[in-house]
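Asker: Dropping in target_18.txt, with compact mmCIF, C-alpha atoms.
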# COMPACT_ATOMS: atom_id res chain seq x y z
CA MET A 1 84.24 146.95 19.82
CA VAL A 2 81.52 144.51 20.39
CA PRO A 3 79.96 144.86 23.82
CA TRP A 4 80.53 141.32 24.70
CA GLN A 5 84.22 141.74 24.02
CA GLY A 6 84.36 144.60 26.51
CA ARG A 7 82.78 142.42 29.13
CA LEU A 8 85.31 139.67 28.39
CA LEU A 9 88.21 142.07 28.86
CA ARG A 10 86.85 143.18 32.20
CA ARG A 11 86.61 139.57 33.37
CA GLU A 12 90.18 138.90 32.34
CA ASP A 13 91.34 141.97 34.21
CA ARG A 14 89.56 140.78 37.32
CA LEU A 15 91.11 137.32 37.00
CA VAL A 16 94.56 138.81 36.58
CA ASN A 17 94.03 140.98 39.65
CA VAL A 18 92.95 137.98 41.72
CA ILE A 19 95.95 135.97 40.55
CA CYS A 20 98.34 138.79 41.33
CA ARG A 21 96.88 139.35 44.73
CA SER A 22 97.04 135.62 45.52
CA ALA A 23 100.66 135.52 44.37
CA LEU A 24 101.52 138.50 46.52
CA LEU A 25 99.74 136.99 49.49
CA LEU A 26 101.50 133.67 49.01
CA ALA A 27 104.83 135.45 48.72
CA ALA A 28 104.13 137.37 51.89
CA VAL A 29 103.22 134.16 53.74
CA LEU A 30 106.39 132.44 52.55
CA LEU A 31 108.43 135.45 53.56
CA LEU A 32 106.92 135.43 57.03
CA CYS A 33 107.55 131.71 57.45
CA LEU A 34 111.15 132.08 56.39
CA SER A 35 111.70 135.06 58.66
CA SER A 36 110.26 133.23 61.69
CA GLY A 37 112.36 130.12 61.13
CA ALA A 38 109.37 127.82 60.46
CA SER A 39 109.49 125.37 57.60
CA PRO A 40 106.97 125.76 54.71
CA ALA A 41 105.43 122.43 55.54
CA LYS A 42 104.78 123.63 59.04
CA ALA A 43 103.38 126.91 57.74
CA GLN A 44 100.99 125.09 55.46
CA PHE A 45 99.86 122.75 58.22
CA SER A 46 97.35 125.24 59.62
CA PRO A 47 95.55 127.78 57.46
CA PHE A 48 95.66 130.31 60.31
CA ASN A 49 99.34 129.91 60.95
CA TRP A 50 100.21 132.91 58.87
CA PHE A 51 97.68 134.99 60.79
CA GLN A 52 99.27 134.03 64.09
CA GLN A 53 102.70 134.81 62.77
CA VAL A 54 101.59 138.27 61.62
CA PHE A 55 99.91 139.36 64.86
CA ARG A 56 102.13 137.50 67.40
CA PRO A 57 104.72 139.81 68.99
CA GLN A 58 108.15 138.84 67.93
CA ARG A 59 110.78 138.38 70.64
CA SER A 60 114.40 138.76 70.11
CA TYR A 61 116.70 136.54 72.16
CA ASP A 62 120.21 137.64 72.65
CA TYR A 63 122.28 134.59 73.38
CA ALA A 64 125.59 135.39 74.94
CA PRO A 65 128.43 133.23 73.78
CA PRO A 66 129.50 130.66 76.37
CA ARG A 67 132.39 131.67 78.51
CA PRO A 68 135.46 129.53 78.20
CA HIS A 69 135.94 127.15 81.10
CA GLU A 70 138.89 127.82 83.30
CA HIS A 71 141.42 125.09 83.19
CA HIS A 72 142.05 123.61 86.63
CA ALA A 73 145.24 121.79 87.24
CA TYR A 74 144.80 118.41 88.94
CA ARG A 75 146.07 118.42 92.48
CA PRO A 76 145.82 115.16 94.42
CA ARG A 77 143.92 115.53 97.69
CA THR A 78 146.09 114.91 100.69
CA VAL A 79 144.32 113.24 103.62
CA ALA A 80 145.91 113.52 107.01
CA LYS A 81 146.78 110.07 108.24
CA VAL A 82 145.27 109.34 111.62
CA VAL A 83 147.86 107.81 113.85
CA LYS A 84 146.20 105.37 116.22
CA PRO A 85 147.63 105.14 119.68
CA PRO A 86 149.48 101.94 120.36
CA ALA A 87 147.22 99.24 121.71
CA VAL A 88 147.72 98.34 125.34
CA PRO A 89 148.47 94.64 125.66
CA PRO A 90 145.98 92.97 128.00
CA THR A 91 147.36 92.00 131.37
CA PHE A 92 144.13 91.14 133.23
CA PHE A 93 141.97 88.28 131.97
CA VAL A 94 138.35 87.51 132.91
CA ALA A 95 137.09 84.06 131.90
CA VAL A 96 133.29 83.88 131.55
CA ALA A 97 131.85 80.34 131.53
CA GLY A 98 128.32 78.94 131.49
CA ASP A 99 125.45 78.45 129.06
CA SER A 100 123.71 80.90 126.71
CA LEU A 101 123.06 83.27 129.61
CA GLY A 102 126.80 83.17 130.30
CA GLN A 103 127.42 84.13 126.68
CA LEU A 104 125.19 87.19 127.05
CA LEU A 105 126.94 88.04 130.31
CA GLY A 106 130.30 87.89 128.54
CA GLN A 107 129.06 90.31 125.88
CA GLY A 108 127.84 92.71 128.53
CA LEU A 109 131.12 92.55 130.45
CA THR A 110 133.08 93.26 127.26
CA THR A 111 131.09 96.48 126.82
CA ALA A 112 131.14 97.42 130.51
CA LEU A 113 134.93 97.00 130.80
CA SER A 114 135.77 98.65 127.49
CA ASP A 115 137.23 101.64 129.36
CA ARG A 116 139.99 99.42 130.73
CA PRO A 117 142.11 98.37 127.74
CA GLU A 118 144.30 96.17 129.91
CA VAL A 119 141.30 93.91 130.64
CA GLU A 120 140.35 91.14 128.23
CA VAL A 121 137.14 89.12 128.58
CA LEU A 122 137.55 85.47 127.58
CA ARG A 123 134.20 84.05 126.47
CA ASP A 124 134.33 80.36 127.27
CA ALA A 125 130.58 79.78 127.62
CA LYS A 126 128.93 76.91 125.75
CA GLU A 127 125.41 77.25 124.38
CA ASP A 128 122.83 74.57 125.39
CA SER A 129 125.15 73.29 128.09
CA GLY A 130 124.58 72.73 131.81
CA LEU A 131 125.54 70.66 134.80
CA VAL A 132 122.91 67.98 134.12
CA ARG A 133 123.94 66.73 130.65
CA ASP A 134 127.58 65.87 131.26
CA ASP A 135 127.37 63.55 128.25
CA TYR A 136 126.88 66.63 126.04
CA TYR A 137 129.35 68.94 127.82
CA ASP A 138 131.22 68.04 130.97
CA TRP A 139 131.76 71.30 132.83
CA PRO A 140 134.02 69.97 135.60
CA LYS A 141 136.34 68.63 132.90
CA ALA A 142 136.04 71.85 130.87
CA ALA A 143 136.91 73.93 133.94
CA HIS A 144 139.97 71.77 134.56
CA ASP A 145 141.10 72.18 130.95
CA LEU A 146 140.50 75.93 131.12
CA VAL A 147 142.79 76.26 134.13
CA ALA A 148 145.44 73.84 132.87
CA ASN A 149 145.82 75.12 129.29
CA GLY A 150 148.30 77.83 130.32
CA GLN A 151 146.00 80.78 129.73
CA LYS A 152 146.36 83.39 132.45
CA ILE A 153 143.07 83.92 134.30
CA ASN A 154 142.68 86.55 136.99
CA VAL A 155 138.93 86.21 137.59
CA ALA A 156 136.46 83.48 136.60
CA VAL A 157 132.74 84.15 136.19
CA MET A 158 130.17 81.35 136.01
CA MET A 159 126.50 81.68 135.01
CA ILE A 160 124.72 78.43 134.24
CA GLY A 161 121.49 76.54 134.91
CA SER A 162 118.89 77.67 132.35
CA ASN A 163 119.09 74.23 130.65
CA ASP A 164 119.13 72.15 133.85
CA HIS A 165 115.36 71.86 134.37
CA GLN A 166 115.38 68.30 133.08
CA THR A 167 115.92 64.77 134.24
CA LEU A 168 119.44 63.99 135.43
CA HIS A 169 120.83 60.68 134.15
CA ASP A 170 123.58 58.99 136.14
CA SER A 171 125.14 55.57 136.28
CA THR A 172 122.87 54.83 139.23
CA GLY A 173 119.64 55.87 137.48
CA SER A 174 117.54 58.81 136.35
CA TYR A 175 116.33 61.49 138.75
CA ASP A 176 113.86 64.32 138.28
CA PRO A 177 114.49 67.87 139.54
CA GLY A 178 113.58 68.31 143.18
CA THR A 179 114.37 64.77 144.27
CA PRO A 180 117.08 64.19 146.92
CA GLN A 181 119.23 62.20 144.49
CA TYR A 182 119.06 65.03 141.95
CA GLN A 183 120.13 67.61 144.53
CA GLN A 184 122.96 65.40 145.79
CA ILE A 185 124.47 64.80 142.35
CA TYR A 186 123.90 68.36 141.16
CA SER A 187 125.44 69.93 144.27
CA ALA A 188 128.49 67.64 143.93
CA ARG A 189 129.05 68.98 140.41
CA ILE A 190 128.76 72.57 141.67
CA GLU A 191 131.42 71.91 144.28
CA ALA A 192 133.64 70.19 141.70
CA VAL A 193 133.63 73.24 139.42
CA ALA A 194 134.20 75.69 142.29
CA LYS A 195 137.02 73.56 143.74
CA ILE A 196 138.97 73.60 140.47
CA PHE A 197 139.19 77.40 140.49
CA HIS A 198 139.82 77.48 144.23
CA ASP A 199 142.78 75.12 143.93
CA ALA A 200 144.18 77.26 141.10
CA LYS A 201 143.84 80.36 143.33
CA ILE A 202 141.48 82.03 140.85
CA PRO A 203 138.61 84.08 142.33
CA LEU A 204 135.26 82.70 141.16
CA LEU A 205 132.12 84.83 140.83
CA TRP A 206 129.03 82.62 140.57
CA VAL A 207 126.13 84.64 139.13
CA GLY A 208 122.64 83.53 140.08
CA LEU A 209 119.81 83.07 137.62
CA PRO A 210 117.20 85.83 137.17
CA VAL A 211 113.44 85.52 137.47
CA MET A 212 111.80 83.79 134.51
CA LYS A 213 108.56 84.44 132.63
CA THR A 214 106.62 81.38 133.79
CA ASP A 215 106.00 80.66 137.46
CA ARG A 216 107.00 76.99 137.21
CA PHE A 217 110.29 77.83 135.51
CA SER A 218 110.99 80.56 138.07
CA THR A 219 110.41 78.10 140.91
CA GLU A 220 112.92 75.64 139.44
CA MET A 221 115.51 78.39 138.86
CA ALA A 222 115.07 79.64 142.44
CA ALA A 223 115.82 76.12 143.71
CA LEU A 224 119.02 76.05 141.63
CA ASN A 225 120.03 79.44 143.02
CA ASP A 226 119.74 78.07 146.54
CA MET A 227 122.20 75.31 145.67
CA TYR A 228 124.59 77.74 143.94
CA ARG A 229 124.58 80.00 146.99
CA GLN A 230 125.17 77.12 149.41
CA TYR A 231 127.63 74.83 147.65
CA ALA A 232 129.66 77.26 145.53
CA SER A 233 130.55 79.32 148.58
CA ARG A 234 132.02 76.25 150.29
CA ASN A 235 135.02 76.51 148.00
CA GLY A 236 135.51 80.26 148.20
CA ALA A 237 133.21 81.33 145.37
CA THR A 238 131.31 84.63 145.65
CA TYR A 239 127.62 84.35 144.86
CA ILE A 240 125.99 87.33 143.08
CA ASP A 241 122.20 87.48 143.28
CA THR A 242 120.34 89.00 140.30
CA TRP A 243 116.79 87.82 141.03
CA GLU A 244 115.37 91.08 142.39
CA ASP A 245 116.99 93.19 139.68
CA PHE A 246 114.64 92.09 136.88
CA VAL A 247 111.24 92.22 138.58
CA ASP A 248 108.57 94.91 138.75
CA ASP A 249 107.22 96.68 141.82
CA ASP A 250 105.11 93.63 142.70
CA GLY A 251 108.07 91.26 142.54
CA GLN A 252 106.89 89.64 139.29
CA PHE A 253 108.67 89.06 136.00
CA SER A 254 108.88 92.13 133.78
CA SER A 255 110.31 92.35 130.27
CA TYR A 256 110.88 96.10 130.68
CA GLY A 257 112.78 98.01 133.28
CA PRO A 258 115.42 100.69 133.82
CA ASP A 259 118.73 100.15 132.08
CA VAL A 260 122.14 101.27 133.30
CA ASP A 261 121.24 104.87 132.34
CA GLY A 262 117.87 104.82 134.12
CA GLN A 263 115.81 104.69 130.91
CA VAL A 264 112.95 102.18 130.79
CA VAL A 265 113.73 99.80 127.92
CA ARG A 266 113.18 96.17 127.03
CA LEU A 267 115.58 94.01 129.04
CA ARG A 268 114.38 90.44 128.38
CA ALA A 269 113.88 88.60 125.12
CA LEU A 270 110.52 87.32 123.89
CA ASP A 271 111.17 83.84 125.31
CA GLY A 272 111.25 85.27 128.83
CA VAL A 273 114.65 83.66 129.53
CA HIS A 274 117.40 85.47 127.66
CA PHE A 275 118.40 89.13 127.67
CA THR A 276 118.44 91.89 125.13
CA LYS A 277 121.59 93.94 124.55
CA ALA A 278 120.48 96.47 127.18
CA GLY A 279 119.55 93.65 129.55
CA ALA A 280 122.93 91.96 129.14
CA LEU A 281 124.66 95.25 129.91
CA LYS A 282 122.54 95.68 133.03
CA LEU A 283 123.31 92.10 134.08
CA ALA A 284 127.02 92.84 133.68
CA SER A 285 126.68 95.96 135.85
CA PHE A 286 126.16 93.72 138.92
CA VAL A 287 129.32 91.72 138.22
CA GLU A 288 131.54 94.56 137.00
CA PRO A 289 132.14 96.16 140.46
CA GLN A 290 133.46 92.86 141.84
CA ILE A 291 135.87 92.56 138.91
CA ARG A 292 137.05 96.14 139.27
CA ASP A 293 137.75 95.61 142.97
CA ILE A 294 139.96 92.62 142.18
CA LEU A 295 141.60 94.57 139.35
CA ASN A 296 142.42 97.54 141.59
CA VAL A 297 143.89 95.30 144.26
CA SER A 298 146.06 93.37 141.83
CA ALA A 299 147.15 96.43 139.82
CA PRO A 300 150.70 97.59 140.68
CA GLN A 301 150.99 100.99 142.30
CA ASP A 302 152.65 103.69 140.26
CA ASP A 303 155.50 105.88 141.48
CA ALA A 304 153.17 108.69 142.55
CA ALA A 305 151.11 106.33 144.70
CA LEU A 306 154.17 104.67 146.17
CA ALA A 307 155.65 108.06 147.07
CA LYS A 308 152.68 108.73 149.35
CA ILE A 309 153.28 105.55 151.31
CA GLU A 310 156.00 106.00 153.93
CA THR A 311 157.02 102.79 155.61
CA THR A 312 159.72 104.45 157.72
CA ALA A 313 159.93 107.85 159.31
CA PRO A 314 161.99 110.36 157.31
CA ALA A 315 165.32 111.48 158.66
CA GLY A 316 165.13 114.27 161.21
CA THR A 317 161.59 113.42 162.39
CA ASN A 318 160.44 111.75 165.54
CA SER A 319 159.00 108.31 164.95
CA PRO A 320 155.77 107.50 166.84
CA ALA A 321 156.26 105.90 170.21
CA ALA A 322 155.61 102.23 170.59
CA GLY A 323 151.99 101.52 171.39
CA ALA A 324 150.82 104.98 170.25
CA ALA A 325 147.44 105.20 168.55
CA VAL A 326 147.79 105.31 164.77
CA THR A 327 145.03 107.03 162.78
CA PRO A 328 143.54 104.48 160.37
CA VAL A 329 143.77 105.26 156.68
CA LYS A 330 140.41 106.26 155.24
CA PRO A 331 139.44 103.96 152.34
CA PRO A 332 138.63 105.60 148.99
CA ILE A 333 135.07 104.23 149.01
CA GLY A 334 132.81 102.72 151.60
CA PRO A 335 131.21 99.29 151.60
CA VAL A 336 128.92 98.50 148.66
CA LEU A 337 125.34 98.18 149.92
CA PRO A 338 122.47 96.97 147.72
CA LEU A 339 119.66 99.48 147.46
CA THR A 340 117.02 96.83 146.76
CA GLY A 341 118.01 94.34 149.46
CA PRO A 342 116.09 93.78 152.69
CA VAL A 343 116.75 96.21 155.53
CA LEU A 344 118.49 94.45 158.41
CA ALA A 345 118.78 95.54 161.98
CA PRO A 346 122.25 95.67 163.64
CA GLY A 347 121.63 92.23 165.13
CA GLY A 348 120.93 90.70 161.71
CA GLN A 349 117.15 90.63 162.13
CA LEU A 350 114.70 92.21 159.79
CA ALA A 351 113.90 95.79 160.79
CA THR A 352 110.52 96.19 162.47
CA LEU A 353 108.31 99.18 163.01
CA GLY A 354 108.50 101.10 166.26
CA PRO A 355 105.63 101.46 168.71
CA ALA A 356 102.58 102.97 167.08
CA ALA A 357 101.54 106.46 168.13
CA PRO A 358 98.30 106.75 170.12
CA LYS A 359 95.30 107.27 167.92
CA THR A 360 93.47 110.58 168.13
CA ASP A 361 89.90 111.36 167.30
CA THR A 362 90.31 113.37 164.11
CA ALA A 363 86.64 114.39 163.94
CA SER A 364 86.59 115.82 167.45
CA LEU A 365 89.91 117.60 166.84
CA VAL A 366 88.52 119.30 163.72
CA GLU A 367 85.30 120.23 165.54
CA GLN A 368 87.16 121.76 168.47
CA THR A 369 89.47 123.73 166.21
CA PHE A 370 87.09 125.08 163.56
CA ALA A 371 83.66 124.90 165.24
CA ASN A 372 84.40 125.70 168.89
CA GLY A 373 87.46 127.84 168.21
CA LYS A 374 89.67 125.96 170.63
CA THR A 375 93.27 125.60 169.69
CA ALA A 376 94.81 122.18 169.79
CA PRO A 377 97.58 121.63 172.30
CA THR A 378 100.96 122.23 170.77
CA THR A 379 104.16 120.37 171.29
CA PRO A 380 107.11 122.45 172.49
CA GLY A 381 109.54 123.04 169.70
CA ARG A 382 107.06 122.29 166.91
CA ALA A 383 106.43 124.78 164.10
CA ASP A 384 102.95 125.69 165.41
CA ASP A 385 104.20 126.50 168.91
CA PHE A 386 104.03 130.31 169.07
CA ALA A 387 104.24 130.66 172.89
CA TRP A 388 106.55 133.36 174.15
CA PRO A 389 108.85 133.30 175.89
CA ARG A 390 109.95 130.00 174.54
CA LYS A 391 109.55 127.22 177.04
CA GLU A 392 113.01 125.95 176.43
CA LEU A 393 114.32 129.47 177.09
CA ALA A 394 112.22 129.86 180.24
CA SER A 395 113.39 126.54 181.58
CA ALA A 396 117.00 127.38 180.92
CA PRO A 397 118.96 128.60 183.94
CA PRO A 398 119.39 132.35 184.09
CA PRO A 399 122.75 133.58 182.96
CA GLN A 400 125.21 134.11 185.81
CA PRO A 401 126.59 137.64 186.22
CA ALA A 402 130.17 138.15 185.31
CA PRO A 403 132.49 138.03 188.35
CA ALA A 404 133.61 141.40 189.69
CA PRO A 405 137.29 142.20 189.27
CA VAL A 406 139.41 141.51 192.36
CA GLU A 407 140.55 144.72 194.10
CA GLY A 408 144.26 144.85 194.98
CA PRO A 409 146.16 147.13 197.37
CA PRO A 410 145.69 150.85 196.70
CA ALA A 411 148.23 152.28 194.40
CA PRO A 412 150.54 154.93 195.91
CA PRO A 413 149.57 158.50 195.04
CA LYS A 414 151.51 160.01 192.24
CA PRO A 415 153.74 162.98 193.17
CA PRO A 416 152.48 166.37 192.03
CA VAL A 417 153.97 167.59 188.88
CA ALA A 418 156.49 170.41 189.63
CA ALA A 419 155.69 173.75 188.10
CA ALA A 420 157.95 174.77 185.37
CA LYS A 421 160.64 177.18 186.51
CA THR A 422 160.62 180.48 184.78
CA ALA A 423 163.92 182.07 183.87
CA PRO A 424 164.58 185.50 185.49
CA ALA A 425 163.92 188.42 183.23
CA LYS A 426 166.96 190.17 182.02
CA PRO A 427 167.31 193.80 183.35
CA ALA A 428 166.72 196.50 180.89
CA ALA A 429 169.79 197.99 179.42
CA ALA A 430 170.87 201.04 181.34
CA ALA A 431 170.54 204.21 179.49
CA SER A 432 173.82 205.69 178.51
CA LYS A 433 174.73 208.76 180.47
CA VAL A 434 175.38 211.95 178.52
CA PRO A 435 178.48 213.73 179.84
Would you write out, as structure tokens, the structure that this file holds?

Answerer:
Amino acid sequence: MVPWQGRLLRREDRLVNVICRSALLLAAVLLLCLSSGASPAKAQFSPFNWFQQVFRPQRSYDYAPPRPHEHHAYRPRTVAKVVKPPAVPPTFFVAVAGDSLGQLLGQGLTTALSDRPEVEVLRDAKEDSGLVRDDYYDWPKAAHDLVANGQKINVAVMMIGSNDHQTLHDSTGSYDPGTPQYQQIYSARIEAVAKIFHDAKIPLLWVGLPVMKTDRFSTEMAALNDMYRQYASRNGATYIDTWEDFVDDDGQFSSYGPDVDGQVVRLRALDGVHFTKAGALKLASFVEPQIRDILNVSAPQDDAALAKIETTAPAGTNSPAAGAAVTPVKPPIGPVLPLTGPVLAPGGQLATLGPAAPKTDTASLVEQTFANGKTAPTTPGRADDFAWPRKELASAPPPQPAPAPVEGPPAPPKPPVAAAKTAPAKPAAAASKVP
């Protein structure tokens, strides 16, 4: 064989070996891709993918077959029906009239009297109304229609005046607030409204205006309150003052203050005239007690209350003699006294301070006590009075000895006790003689 042929055969053998090895390697790569679930395209995407598949630890995931869902039968949900108690028909009606402040007062009274289902608050207030512009809303006529329309009214409440700081126009002319003609016409309209309720035998509660944000406005509202207090009471109306209830410690306007629960909250609106919800409820708290008093008086007594009232003496008892003193029945509550009102003396005058105590030289008292060691004179009965015996005890009269018992006639001597008689001893039995 020619040498070059031998070299050619060796090259062919090498080529065949390379081809075989490449085929085996390709087969192994395909086998690995198929065993790992990867597609051939994905395996050929990266030349090192086969290397990662060879040396990456294989994990076996055992997937449990899903459990069959339990079949639930449809059962309609039964909801217990809440039975509402039967509504109590209202038997006591409170008519609230006035302007926008009267509207807020009506809202507050509705909340304040919500615990009495037999009470209904009738809100008959008219916004932007007043006693000046009778061409816009005539309140004397409206009050007459309110009484005559057949609606039962047990108590009437009036709060008006926040829109009356303007010129009053009448058939005789125009008059500014503060003039005598203005006061004369305005007071006549107050009396006309109060007289309508008085003739209908309906108690009227006239609520005064509160302090306002501006000083000028407050001055005008205070002048209107003076007329309400004077002329409304002429026809039996009860005036309720609310001025001092919405001021601070200095007597000035304050938007914040304690509510009905004692918490400091905002009571007045940003305009400095109207009330917030908490302020309206506080405003109603000054009118509510008057309404409850009228309600309790007009409410019929039940059988238990009537059983306690005995108009005649029961059978078998002695009736009180004519002219005998009868113990007065104690009322359930005492008189309602305002805590913020002025303190009055029994004679109706403002309370004054008592005589001032004599002044003492504090410096000399301290020097005598701590520097000179002299004790200050003490007042008998005071806590620093350590004298013994007590002066009040020494000044007390000595106790009187107990009276000696009164001696009576001597008792007769008792007879001596007789000695017990002893029975004679029996003689001894004679000895028998022996014959």

Asker: Which residue is closest to Val260 in chain A? Choose from A:Gly373, A:Gly150, A:Gly161, A:Gly108 and count all atoms listed in the file.

Answerer: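 Closest residue, counting all atoms listed in the file: A:Gly108.
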
Asker: Neighbours of His198 in chain A within 10 Å (all atoms listed in the file; same-chain residues fewer than 4 positions away dropped), as a compact mmCIF listing (two decimals) with C-alpha atoms, in the coordinates of the input?

Answerer:
# COMPACT_ATOMS: atom_id res chain seq x y z
CA ALA A 192 133.64 70.19 141.70
CA VAL A 193 133.63 73.24 139.42
CA ALA A 194 134.20 75.69 142.29
CA ILE A 202 141.48 82.03 140.85
CA PRO A 203 138.61 84.08 142.33
CA LEU A 204 135.26 82.70 141.16
CA ARG A 234 132.02 76.25 150.29
CA ASN A 235 135.02 76.51 148.00
CA GLY A 236 135.51 80.26 148.20
CA ALA A 237 133.21 81.33 145.37

Asker: Pick out the closest residue to Thr179 in chain A from this set: A:Glu191, A:Asp124, A:Glu220, A:Asp248. Count all atoms listed in the file.

Answerer: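 That would be A:Glu220, the residue with the smallest distance to Thr179 in chain A.
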
Asker: Tell me, in Å to one decimal, how far CA of Ile160 in chain A is from CA of Phe92 in chain A.

Answerer: 23.2 Å

Asker: Compare A:Asp99, A:Asp259, A:Glu118, A:Asp170 by their minimum atom-to-atom distance to Gln184 in chain A, counting all atoms listed in the file, and give me the closest one.

Answerer: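 Under the stated criterion, the closest residue is A:Asp170.
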